[in-house]
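**Student:** Below: one structure in structure tokens.
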Amino acid sequence: MEKDLRIKSKVFDDAKRAPNRAMLRAVGVTDEDFKKPMIGVASTWSEVTPCNIHIDDLARSAKEGARKAGGVPLIFNTITVSDGISMGTSGMRYSLPSRDVIADSIETVVGAENLDGLVAIGGCDKNIPGCLIAIGQAEVPSVFVYGGTIAPGFHKGDKLDIVSVFEGVGKHNNGDINDEQLHGIECHACPGAGSCGGMYTANTMASAAEALGMSLPGSSSNPAESNLKTEDCNLAGEAVYKLLEKGIYPKDIMTKEAFENAITVVMALGGSTNAVLHLLAIADSIDVDLTIDDFNRIQKKVPHLADLKPSGKYVMQDLHNVGGVPAVMKLLFEAGYLHGDCLTVTGKTIAENLADAPSLQEGQDIILPFDNPKRKDGPLVILKGNLAPSGAVAKVSGVKVKRHTGPARVYDTEDEATNAVINNEINEGDVLVIRNVGPKGGPGMPEMLSISAILVGKGLGEKVALLTDGRFSGGTHGLVVGHIAPEAQVGGPIALLQEGDEVTIDSDLQEITMDVKDSELEKRRQNWTAPPLYSKGVLGKYAHNVSCSSKGAVTDYFN
């Protein structure tokens, strides 16, 4: 006799719930099905971005796996937006809020439909943390599946990705390439389905999800357009049923030690600055006490090993070809960097999973040895000082400059700052500041990939420091500091910074300071008035509810 796993509820179990059952009969649920667990498959399929164009088929594979295991799978959808398409435009303000819209919408369906388990499939940057936040909030056995990385593009012998195009704009503005060359890069950078190919935000967060234990081994590095990715989804459908059988919940998996594993893997791989923001938010959803100080604690002891873009040569598909994230985790575990006793969605521990994982392919040069790392400590550094009392995030991988002091060039919009760069008004040694673009001030904490890529394309990537209370893309590299907190909108010190003030960024000392006396700052504060807070639509809701970036920019922060 088949075991009844479904959590008993008032929704389906007695005569007065006949209307509730009638609704599901219309979508194909039978008498036998009402004895089985209802498993939701949250799909982020969309035609608005290559990251998610294939996820409809993946959701059907997860549905097949869940049904084969003994569940009743039901697909539902949520939104996605493309950072690459919105970048440099006012649309980028919607990117980070979309994370919370995704999380809230998935939680809403799971709760309203009384689903017993969940498979969530995400592709683009905000899908992954959005799905994981929802999993934390929904409190049902769950598995996350990454839609997978895009294949690299090729043009005239060069390997390309979307950042190649952003940097091509800077080269074009500098006169280094012509219209035809830029058009060639544009047309060949994105050859098919999947998320941006380097160790940018999507691949970073997918790797973090696997290290957290919330994805099946290999899910984070299996390419989007592969049979392995289809199998990931099918197996995820089976895995969530097994989690129901064993009574394993997200809170059993996403522990403080699991988050430490995730941060360790992100540091070793040279991941995106956005990992700080998203891991804090995911931890908040599951009531784990994670702070930005935990990132610095782990940063000090974990080396940066991966020669991956944006600060290296290779892309995620190259890493997949030599063993993928499981092989990297095995290397880290054997060297004592990971907590092996953390539970995962396989029902086994990290150590048990890694016992069967492949080792890195011999002769590969994507993951460097411990005795010759790209950097002896992690590349994501939390800076503090009188310019960012609550913290700021710098990615120092590949950056030779350890300390930069220069005059502030202050702009209140990205457009104004971009025009200044394009018009050659920003000089070597300057500290370019873009403020009033934080979580509340943006609103939405937009990314500054467009302007940072233009600086790199113009040869100013390490000659001009770029500071903001907004964010940077995982594809950003150069001398950049984001997440400056408190943000300008709430009167953080960045709001009081004036043109010409001397600013110092010191990655070794982990400090970011301005050479302005406290008494002078207090005078400026007396004359400062907060800009009007945005108050329309989803951005207005976000602006009024979002927390500080140092808390993960969460929208359910009530302390």
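By convention in this document, the chains of the structure tokens carry letters A, B, ... by their order, each chain's residues are numbered from 1, and ligands are numbered from 1 in the order they are shown.
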Determine which residues of region 209-333 of chain A receive a DSSP assignment of alpha helix (DSSP H), computed from the backbone, and state them as a ChimeraX atom specification.

**Tutor:** /A:209-212,227-246,250-253,256-269,274-285,292-299,316-321,324-333

**Student:** Please identify all polymer residues within 8 Å of Ala281 (chain A), counting only C-alpha atoms, omitting same-chain residues fewer than 3 positions from it, and present them as a list in words.

**Tutor:**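 So the residues in contact are Pro129, Ile133, Leu277, His278, Asp284, Ser285, Lys551, Gly552, Ala553 and Val554 of chain A.
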
**Student:** Would you mind telling me which residue in A:Ser226, A:Thr291, A:Thr349, A:Thr108 lies nearest to Gly213 (chain A) when using only C-alpha atoms?

**Tutor:** A:Thr349

**Student:** What's around His477 (chain A) at 10 Å? Count only C-alpha atoms, leave out sequence neighbours fewer than 6 positions away in its own chain, and write the answer as a ChimeraX atom specification.

**Tutor:** /A:272,309-311,394-399,449,452-453,455-456,461-462

**Student:** Could you give me, as number ranges by chain, the residues within 10 Å of Gly122 (chain A), counting only C-alpha atoms and dropping anything in the same chain fewer than 6 positions from it?

**Tutor:** A: 42-45, 51-52, 55, 78, 80, 128-132, 144-148, 195, 202, 206

**Student:** List every residue of region 74-316 of chain A that DSSP, applied to the backbone of this structure, assigns to strand (DSSP E or B), and report them as a CSV table (one decimal) with C-alpha atoms, in the first residue's frame.

**Tutor:**
chain,number,residue,atom,x,y,z
A,74,LEU,CA,1.7,21.4,-10.3
A,75,ILE,CA,3.6,24.0,-12.3
A,76,PHE,CA,3.2,27.7,-11.6
A,77,ASN,CA,5.1,30.7,-12.8
A,117,GLY,CA,6.8,20.4,-1.3
A,118,LEU,CA,8.5,22.7,-3.8
A,119,VAL,CA,10.9,22.5,-6.7
A,120,ALA,CA,12.0,26.1,-7.6
A,121,ILE,CA,13.9,26.7,-10.9
A,122,GLY,CA,15.7,29.9,-11.5
A,142,SER,CA,12.2,22.1,-1.2
A,143,VAL,CA,14.9,21.8,-3.8
A,144,PHE,CA,16.4,24.6,-5.9
A,145,VAL,CA,17.5,24.0,-9.5
A,146,TYR,CA,19.7,26.4,-11.5
A,149,THR,CA,25.1,28.8,-17.6
A,153,GLY,CA,30.3,33.3,-27.7
A,154,PHE,CA,33.0,33.4,-30.2
A,155,HIS,CA,34.0,36.1,-32.7
A,158,ASP,CA,37.9,35.7,-29.2
A,159,LYS,CA,35.8,34.2,-26.5
A,160,LEU,CA,32.9,36.5,-25.6
A,195,SER,CA,22.7,32.9,-17.6
A,304,HIS,CA,40.8,32.9,-4.2
A,306,ALA,CA,39.5,30.4,-9.6
A,308,LEU,CA,37.2,32.9,-13.9
A,314,TYR,CA,37.6,31.3,-18.1

**Student:** Could you check which of A:Asn20, A:Ser215, A:Gln364, A:Ser164 is closest to Ile185 (chain A), using only C-alpha atoms?

**Tutor:**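 Distance minimum relative to Ile185 (chain A) lands on A:Ser164.
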
**Student:** Quick one: residues within 10 Å of Tyr542 (chain A), only C-alpha atoms counted, chain neighbours fewer than 5 positions away excluded, as an MDAnalysis selection string?

**Tutor:** chainID A and resid 94 96:98 100:101 439:440 443:444 534:537 547 553:555

**Student:** Measuring atom to atom with only C-alpha atoms, identify which of A:Leu380, A:Val240, A:Ile39, A:Ala22 is nearest to Leu269 (chain A).

**Tutor:** A:Leu380

**Student:** Find the nearest atom pair between each residue of region 310-426 of chain A and region 519-532 of chain A for residues within 12 Å, count only C-alpha atoms, give distances in Å to one decimal, sort rows by chain and ascending number, and present the table as JSON lines.

**Tutor:**
{"residue": "A:Asn386", "atom": "CA", "partner": "A:Leu521", "partner_atom": "CA", "distance": 10.1}
{"residue": "A:Leu387", "atom": "CA", "partner": "A:Leu521", "partner_atom": "CA", "distance": 10.7}
{"residue": "A:Asp412", "atom": "CA", "partner": "A:Pro531", "partner_atom": "CA", "distance": 10.7}
